[in-house]
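J.: Just data-v1.txt, nothing more (compact mmCIF, C-alpha atoms and all ligand atoms):
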```
# COMPACT_ATOMS: atom_id res chain seq x y z
CA MET A 769 6.70 155.11 10.33
CA ALA A 770 3.98 157.26 8.84
CA SER A 771 4.49 160.91 8.08
CA ILE A 772 1.98 163.25 9.76
CA LEU A 773 3.20 166.48 8.13
CA THR A 774 4.59 166.70 4.62
CA VAL A 775 6.08 169.94 3.31
CA GLN A 776 6.95 170.02 -0.36
CA ASN A 777 8.77 172.65 -2.41
CA VAL A 778 7.73 175.56 -0.19
CA ASN A 779 8.98 178.96 -1.34
CA LYS A 780 8.33 182.30 0.35
CA ARG A 781 9.64 185.70 -0.65
CA PHE A 782 9.44 188.98 1.23
CA GLY A 783 10.14 191.49 -1.54
CA GLY A 784 13.71 190.79 -2.67
CA LEU A 785 14.41 188.39 0.20
CA LYS A 786 13.97 184.66 -0.30
CA ALA A 787 12.95 183.64 3.22
CA LEU A 788 12.15 180.03 2.23
CA ASP A 789 13.91 178.44 -0.71
CA ASN A 790 12.32 175.19 -1.84
CA VAL A 791 11.83 173.65 1.59
CA ASN A 792 10.98 169.95 1.85
CA LEU A 793 10.26 168.30 5.18
CA GLU A 794 8.68 165.11 6.49
CA ILE A 795 7.60 164.90 10.12
CA GLU A 796 7.03 161.38 11.41
CA ALA A 797 3.99 160.81 13.61
CA GLY A 798 4.78 160.49 17.30
CA THR A 799 8.25 162.04 17.10
CA VAL A 800 9.84 165.27 18.29
CA HIS A 801 11.35 167.03 15.28
CA ALA A 802 13.58 170.02 15.96
CA ILE A 803 14.17 172.78 13.44
CA ILE A 804 17.35 174.70 14.15
CA GLY A 805 19.36 177.30 12.29
CA PRO A 806 20.91 180.75 12.68
CA ASN A 807 18.83 183.90 13.25
CA GLY A 808 16.85 184.87 10.18
CA ALA A 809 17.15 181.37 8.66
CA GLY A 810 13.40 181.23 8.02
CA LYS A 811 12.31 178.97 10.90
CA SER A 812 9.39 181.09 12.13
CA THR A 813 8.38 181.85 8.55
CA LEU A 814 8.16 178.12 7.89
CA LEU A 815 6.09 177.53 11.02
CA ASN A 816 3.75 180.36 10.01
CA CYS A 817 3.19 178.57 6.70
CA PHE A 818 1.92 175.55 8.69
CA ILE A 819 -0.81 177.50 10.46
CA GLY A 820 -2.16 179.82 7.80
CA ARG A 821 -0.45 182.95 9.18
CA LEU A 822 1.55 183.09 5.97
CA GLU A 823 0.79 181.67 2.57
CA PRO A 824 3.78 180.25 0.71
CA ASP A 825 4.30 181.56 -2.83
CA THR A 826 4.50 177.97 -4.03
CA GLY A 827 4.50 174.49 -2.52
CA THR A 828 2.26 172.30 -0.39
CA VAL A 829 1.84 171.63 3.32
CA ILE A 830 -0.22 168.51 4.07
CA PHE A 831 -1.13 167.53 7.62
CA ASP A 832 -2.83 164.16 8.13
CA GLY A 833 -4.13 164.24 4.56
CA VAL A 834 -5.41 167.85 4.80
CA SER A 835 -3.83 170.86 3.07
CA LEU A 836 -2.95 173.59 5.56
CA LEU A 837 -2.53 176.30 2.94
CA GLY A 838 -4.92 179.20 3.42
CA ILE A 839 -6.41 177.59 6.52
CA LYS A 840 -8.02 179.88 9.15
CA PRO A 841 -6.69 179.94 12.73
CA HIS A 842 -9.77 178.22 14.16
CA GLU A 843 -9.70 175.61 11.39
CA ILE A 844 -6.12 174.79 12.35
CA ASN A 845 -7.28 173.78 15.81
CA GLN A 846 -10.12 171.74 14.37
CA VAL A 847 -7.78 169.58 12.28
CA GLY A 848 -5.58 168.91 15.30
CA VAL A 849 -2.72 171.42 15.18
CA SER A 850 -1.84 173.77 18.05
CA ARG A 851 1.04 176.20 18.25
CA VAL A 852 3.11 178.31 20.61
CA PHE A 853 4.57 181.47 19.09
CA GLN A 854 8.04 182.96 19.58
CA THR A 855 6.50 185.64 21.81
CA PRO A 856 3.94 184.39 24.34
CA GLU A 857 0.37 185.24 23.36
CA VAL A 858 -2.00 185.02 26.30
CA PHE A 859 -5.04 187.07 27.31
CA GLY A 860 -3.23 189.35 29.75
CA ASN A 861 -6.30 190.70 31.56
CA LEU A 862 -7.96 187.32 32.14
CA THR A 863 -7.25 184.65 34.75
CA LEU A 864 -5.19 181.60 33.89
CA ARG A 865 -8.30 179.43 34.15
CA ASP A 866 -10.17 181.62 31.64
CA ASN A 867 -7.14 181.64 29.33
CA VAL A 868 -7.29 177.85 29.12
CA MET A 869 -11.08 177.68 28.87
CA ILE A 870 -11.15 179.90 25.76
CA PRO A 871 -9.23 177.51 23.46
CA ALA A 872 -11.21 174.59 24.92
CA PHE A 873 -14.46 176.28 23.85
CA ALA A 874 -12.90 177.25 20.52
CA LYS A 875 -12.01 173.64 19.79
CA ARG A 876 -15.41 172.30 20.77
CA ASP A 877 -17.58 174.98 19.18
CA GLY A 878 -15.41 176.04 16.24
CA SER A 879 -15.34 179.63 17.51
CA PHE A 880 -15.59 181.51 20.74
CA ARG A 881 -16.38 185.08 21.71
CA ILE A 882 -15.87 186.62 25.10
CA ASN A 883 -18.93 188.43 26.39
CA ALA A 884 -17.58 191.81 27.49
CA TRP A 885 -20.06 192.00 30.39
CA LYS A 886 -20.09 188.45 31.67
CA GLY A 887 -16.54 187.43 30.78
CA VAL A 888 -15.81 183.82 29.83
CA LYS A 889 -18.91 181.66 30.22
CA ARG A 890 -18.77 179.01 32.92
CA GLU A 891 -19.26 175.40 32.08
CA THR A 892 -18.29 172.76 34.59
CA ASP A 893 -16.78 170.20 32.22
CA ILE A 894 -14.72 172.77 30.31
CA GLU A 895 -13.59 174.35 33.57
CA ALA A 896 -12.53 170.94 34.91
CA LYS A 897 -10.61 170.28 31.70
CA ALA A 898 -8.88 173.67 31.98
CA MET A 899 -7.91 172.98 35.58
CA ALA A 900 -6.52 169.56 34.67
CA MET A 901 -4.32 171.19 32.02
CA LEU A 902 -3.11 173.86 34.46
CA GLU A 903 -2.27 171.03 36.84
CA ASN A 904 -0.32 169.28 34.05
CA VAL A 905 1.90 172.30 33.49
CA GLY A 906 2.29 173.09 37.19
CA LEU A 907 0.15 176.23 37.29
CA ALA A 908 -2.99 175.01 39.05
CA ARG A 909 -2.31 177.02 42.21
CA LYS A 910 -2.22 180.22 40.12
CA ALA A 911 -5.51 179.49 38.33
CA ASP A 912 -7.22 182.65 39.65
CA GLU A 913 -4.30 185.00 38.99
CA ILE A 914 -4.30 187.41 36.05
CA ALA A 915 -2.18 186.09 33.18
CA GLY A 916 -0.56 189.43 32.38
CA GLN A 917 1.32 189.36 35.69
CA LEU A 918 3.01 186.02 35.08
CA SER A 919 6.74 185.61 34.51
CA ARG A 920 7.76 184.82 30.95
CA GLY A 921 8.34 181.18 31.89
CA ASP A 922 4.91 180.86 33.45
CA LYS A 923 3.34 182.50 30.37
CA ARG A 924 5.02 179.84 28.26
CA ARG A 925 3.61 177.11 30.49
CA LEU A 926 0.19 178.72 30.32
CA GLU A 927 0.42 178.74 26.52
CA LEU A 928 1.23 175.04 26.61
CA ALA A 929 -1.86 174.38 28.71
CA MET A 930 -3.88 176.44 26.19
CA CYS A 931 -2.56 174.17 23.42
CA LEU A 932 -2.95 170.87 25.26
CA VAL A 933 -6.55 171.53 26.22
CA GLN A 934 -7.30 171.28 22.50
CA GLU A 935 -5.91 167.74 22.46
CA PRO A 936 -3.77 168.36 19.38
CA LYS A 937 -2.16 165.67 17.27
CA LEU A 938 0.61 168.07 16.29
CA LEU A 939 2.12 170.71 18.57
CA LEU A 940 4.26 173.44 17.02
CA LEU A 941 6.63 175.25 19.39
CA ASP A 942 8.65 178.33 18.40
CA GLU A 943 11.46 178.74 20.92
CA PRO A 944 9.61 177.34 23.96
CA THR A 945 12.47 178.16 26.35
CA ALA A 946 13.50 181.57 24.98
CA GLY A 947 14.28 183.98 27.82
CA MET A 948 14.21 181.29 30.50
CA ALA A 949 16.86 180.71 33.15
CA ARG A 950 18.50 177.27 33.22
CA ALA A 951 16.31 175.83 35.99
CA GLU A 952 13.15 176.98 34.24
CA THR A 953 14.45 175.58 30.95
CA ASN A 954 15.02 172.19 32.56
CA THR A 955 11.51 172.18 34.00
CA THR A 956 10.18 172.95 30.52
CA ILE A 957 12.27 170.15 28.97
CA ASP A 958 10.77 167.68 31.46
CA LEU A 959 7.29 168.97 30.71
CA LEU A 960 7.79 168.69 26.94
CA LYS A 961 9.17 165.16 27.37
CA LYS A 962 6.05 164.25 29.33
CA ILE A 963 3.88 165.67 26.53
CA ALA A 964 5.89 163.78 23.88
CA GLU A 965 5.38 160.55 25.80
CA THR A 966 1.62 160.91 25.37
CA GLY A 967 2.20 160.43 21.63
CA ILE A 968 1.65 164.03 20.47
CA THR A 969 3.92 164.84 17.53
CA MET A 970 6.01 167.95 18.14
CA VAL A 971 7.90 170.36 15.92
CA VAL A 972 10.25 172.45 18.04
CA ILE A 973 12.16 175.49 16.84
CA GLU A 974 14.93 176.20 19.30
CA HIS A 975 18.31 177.92 19.63
CA ASP A 976 19.24 176.30 22.94
CA MET A 977 21.12 173.14 21.93
CA HIS A 978 20.67 171.64 25.40
CA VAL A 979 16.92 171.71 24.75
CA VAL A 980 17.30 170.43 21.18
CA PHE A 981 19.49 167.49 22.10
CA SER A 982 17.39 166.62 25.16
CA LEU A 983 14.19 166.39 23.15
CA ALA A 984 14.69 165.79 19.44
CA ASP A 985 14.33 162.45 17.69
CA ARG A 986 15.32 164.15 14.46
CA ILE A 987 16.76 167.53 13.50
CA SER A 988 16.41 169.67 10.38
CA VAL A 989 18.80 172.55 9.91
CA LEU A 990 17.66 175.65 8.04
CA ALA A 991 20.11 178.25 6.76
CA GLN A 992 19.13 181.15 4.53
CA GLY A 993 15.80 179.56 3.79
CA THR A 994 17.22 176.19 2.75
CA VAL A 995 17.23 172.86 4.58
CA ILE A 996 20.96 172.12 4.61
CA ALA A 997 20.78 168.97 6.76
CA GLU A 998 18.24 166.54 8.18
CA ASP A 999 19.40 163.73 10.39
CA LEU A 1000 19.53 162.02 13.77
CA PRO A 1001 20.76 164.36 16.55
CA GLU A 1002 24.05 162.50 17.04
CA ARG A 1003 24.87 162.93 13.36
CA ILE A 1004 23.94 166.62 13.07
CA LYS A 1005 26.73 168.05 15.23
CA GLY A 1006 29.48 166.60 13.07
CA ASN A 1007 27.91 167.66 9.77
CA PRO A 1008 30.34 170.08 8.05
CA LYS A 1009 27.53 172.02 6.34
CA VAL A 1010 25.89 172.61 9.73
CA GLN A 1011 29.14 173.70 11.34
CA GLU A 1012 29.73 176.12 8.50
CA ALA A 1013 26.24 177.63 8.80
CA TYR A 1014 26.83 178.32 12.47
CA LEU A 1015 30.32 179.81 12.08
CA GLY A 1016 30.40 183.30 13.51
CA GLY A 1017 26.76 183.09 14.43
CA ALA A 1018 24.91 181.06 17.03
CA HIS A 1019 26.76 178.20 18.72
CA LEU A 1020 26.04 174.56 18.23
N1 LIG B 1101 6.68 189.67 7.50
C1 LIG B 1101 7.91 189.82 7.04
N2 LIG B 1101 8.20 190.78 6.12
C2 LIG B 1101 9.45 190.91 5.64
N3 LIG B 1101 10.50 190.14 5.98
C3 LIG B 1101 10.27 189.17 6.89
C4 LIG B 1101 8.97 188.96 7.47
N4 LIG B 1101 9.05 187.92 8.34
C5 LIG B 1101 10.32 187.51 8.31
N5 LIG B 1101 11.06 188.25 7.45
C6 LIG B 1101 12.48 188.05 7.11
O1 LIG B 1101 12.61 186.71 6.67
C7 LIG B 1101 13.81 186.12 7.18
C8 LIG B 1101 13.46 184.90 7.98
O2 LIG B 1101 12.85 185.32 9.19
P1 LIG B 1101 12.34 184.31 10.30
O3 LIG B 1101 11.68 185.13 11.34
O4 LIG B 1101 11.57 183.23 9.67
O5 LIG B 1101 13.72 183.73 10.84
P2 LIG B 1101 14.01 182.78 12.08
O6 LIG B 1101 14.80 181.64 11.56
O7 LIG B 1101 12.75 182.49 12.79
O8 LIG B 1101 14.96 183.69 12.98
P3 LIG B 1101 15.09 183.80 14.58
O9 LIG B 1101 15.93 182.62 14.98
O10 LIG B 1101 15.82 185.08 14.78
O11 LIG B 1101 13.72 183.78 15.16
C9 LIG B 1101 14.52 187.22 7.96
O12 LIG B 1101 15.46 187.83 7.13
C10 LIG B 1101 13.40 188.16 8.33
O13 LIG B 1101 13.88 189.47 8.49
MG MG B 1102 12.03 182.88 14.66
```
Written as structure tokens, that's how I'd like the structure from this file.
T.:
Amino acid sequence: MASILTVQNVNKRFGGLKALDNVNLEIEAGTVHAIIGPNGAGKSTLLNCFIGRLEPDTGTVIFDGVSLLGIKPHEINQVGVSRVFQTPEVFGNLTLRDNVMIPAFAKRDGSFRINAWKGVKRETDIEAKAMAMLENVGLARKADEIAGQLSRGDKRRLELAMCLVQEPKLLLLDEPTAGMARAETNTTIDLLKKIAETGITMVVIEHDMHVVFSLADRISVLAQGTVIAEDLPERIKGNPKVQEAYLGGAHL
């Protein structure tokens, strides 16, 4: 199998804190790769190094032959990477339909600005695409509602539609089920499985082990900025290093 994302020797310090300590990672194309680890392990920091939000002090991040270091947010989308952050980021005062149209325009045109007077411009094909994505994530009937009023779970689904409309090759998800009740989590697992089946590669950061073991083809475990294990899901649970990292902290 070919690797779609290659992370080599990535280091990142915040003052005296070594948030990432020589991280190496290979993500195989077409797989779901989970990154787990206790709070503060460096998971979000690592993800931010994939999308140009943070620049590693040293190391390389290569996606599909392209270096992601120093890349701009709109360039990230152009190369085929989309991401969902730990805290949902939607345009709270716009409708769901407009929320999904914006990233669709951004992908097609390289940039997009909202006209303060006219709002999001209307274009039939982009609108149809946005509606299809809302349908995919089960939010079509709420297309004309204002995004700010959505539940956290619905905001997450909206974010997924905003990613998928860009037809990414790689989808990065930071705690996609955080704050969800069990039923909502299960709906999200089914949705993510459906997305994975379309062949999109996914990197999922997650604390909920039910989600991790339902989705992941492979798991990397981060602890104190270091990858302490990388293996098939069935082999991760029994790994003594992993058990030790979780002692007294989150549960595996
Ligand atoms: N911008 C920043 N400035 C200073 N320290 C930071 C910054 N971002 C993260 N850190 C620190 O780096 C470490 C790793 O944080 P990170 O958010 O990557 O952890 P995480 O594994 O995502 O944790 P969680 O599971 O709680 O989301 C933590 O100690 C955190 O406090
Ligand atoms: Mg985090």
J.: Identify the residues within 9 Å of coordinate (18.1, 166.1, 10.5) (same frame as the file), considering only C-alpha atoms, and give the answer as a VMD selection string.
T.: chain A and resid 801 to 803 985 to 989 996 to 1001 1003 to 1004
J.: Would you compute the distance between CA of Glu823 in chain A and CA of Leu983 in chain A? Give it in Å to one decimal.
T.: 28.9 Å
J.: All residues within 7 Å of ligand LIG 1101 (chain B) are required, counting all atoms listed in the file; please report them as a PDB file with C-alpha atoms, in the coordinates of the input.
T.:
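Written output follows (out.pdb):
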```
ATOM      1  CA  PHE A 782       9.440 188.980   1.230  1.00  0.00           C
ATOM      2  CA  LEU A 785      14.410 188.390   0.200  1.00  0.00           C
ATOM      3  CA  ALA A 787      12.950 183.640   3.220  1.00  0.00           C
ATOM      4  CA  GLY A 805      19.360 177.300  12.290  1.00  0.00           C
ATOM      5  CA  PRO A 806      20.910 180.750  12.680  1.00  0.00           C
ATOM      6  CA  ASN A 807      18.830 183.900  13.250  1.00  0.00           C
ATOM      7  CA  GLY A 808      16.850 184.870  10.180  1.00  0.00           C
ATOM      8  CA  ALA A 809      17.150 181.370   8.660  1.00  0.00           C
ATOM      9  CA  GLY A 810      13.400 181.230   8.020  1.00  0.00           C
ATOM     10  CA  LYS A 811      12.310 178.970  10.900  1.00  0.00           C
ATOM     11  CA  SER A 812       9.390 181.090  12.130  1.00  0.00           C
ATOM     12  CA  THR A 813       8.380 181.850   8.550  1.00  0.00           C
ATOM     13  CA  LEU A 814       8.160 178.120   7.890  1.00  0.00           C
TER      14      LEU A 814
END
```
J.: Can you tell me, as an MDAnalysis selection string, what residues are no more than 7 Å from Leu836 in chain A when counting all atoms listed in the file, ignoring any on the same chain fewer than 2 positions away?
T.: chainID A and resid 818:820 829:831 834 838:839
J.: Find the spatial neighbours of Arg920 in chain A, counting all atoms listed in the file, within a cut-off of 9 Å - ignore same-chain residues fewer than 2 positions away - and output them as a list in words.
T.: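 Result of the neighbour search: Pro856, Leu918, Asp922, Lys923, Arg924, Arg925, Ala946, Gly947 and Met948 of chain A.
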J.: Write the residues you've just listed into a file as a PDB file, in the frame of the given file, and include C-alpha atoms for each of them.
T.:
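Wrote it out as again_9.pdb, contents follow:
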```pdb
ATOM      1  CA  PRO A 856       3.940 184.390  24.340  1.00  0.00           C
ATOM      2  CA  LEU A 918       3.010 186.020  35.080  1.00  0.00           C
ATOM      3  CA  ASP A 922       4.910 180.860  33.450  1.00  0.00           C
ATOM      4  CA  LYS A 923       3.340 182.500  30.370  1.00  0.00           C
ATOM      5  CA  ARG A 924       5.020 179.840  28.260  1.00  0.00           C
ATOM      6  CA  ARG A 925       3.610 177.110  30.490  1.00  0.00           C
ATOM      7  CA  ALA A 946      13.500 181.570  24.980  1.00  0.00           C
ATOM      8  CA  GLY A 947      14.280 183.980  27.820  1.00  0.00           C
ATOM      9  CA  MET A 948      14.210 181.290  30.500  1.00  0.00           C
TER      10      MET A 948
END
```
J.: In Å, rounded to a single decimal, give me how far CA of Leu788 in chain A is from CA of Ile772 in chain A.
T.: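 Separation of CA of Ile772 in chain A and CA of Leu788 in chain A: 21.0 Å.
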J.: Of the candidates A:Asn816, A:Asn861, A:Thr945, A:Thr826, which one gets nearest to Gly887 in chain A if we count all atoms listed in the file?
T.: A:Asn861
J.: Given the choices A:Thr863, A:Lys889, A:Lys1005, A:Arg781, which gets closest to Gly916 in chain A if the distance is worked out from all atoms listed in the file?
T.: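 Using all atoms listed in the file, Gly916 in chain A sits closest to A:Thr863.
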J.: I'd like to know which of A:Met901, A:Ala896, A:Ile804, A:Val791 is closest to ligand MG 1102 (chain B), using all atoms listed in the file.
T.: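 Residue with the minimum atom-to-atom distance to ligand MG 1102 (chain B): A:Ile804.
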J.: With only C-alpha atoms as the counted atoms, please give the residues lying no more than 12 Å from Ala964 in chain A, apart from itself and same-chain residues fewer than 2 positions off, as a VMD selection string.
T.: chain A and resid 797 to 801 932 936 to 940 957 to 962 966 to 972 982 to 985
J.: Using CA of Glu794 in chain A and CA of Met930 in chain A as the two end points, give the distance in Å to one decimal.
T.: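 Between these atoms lies a distance of 26.0 Å.
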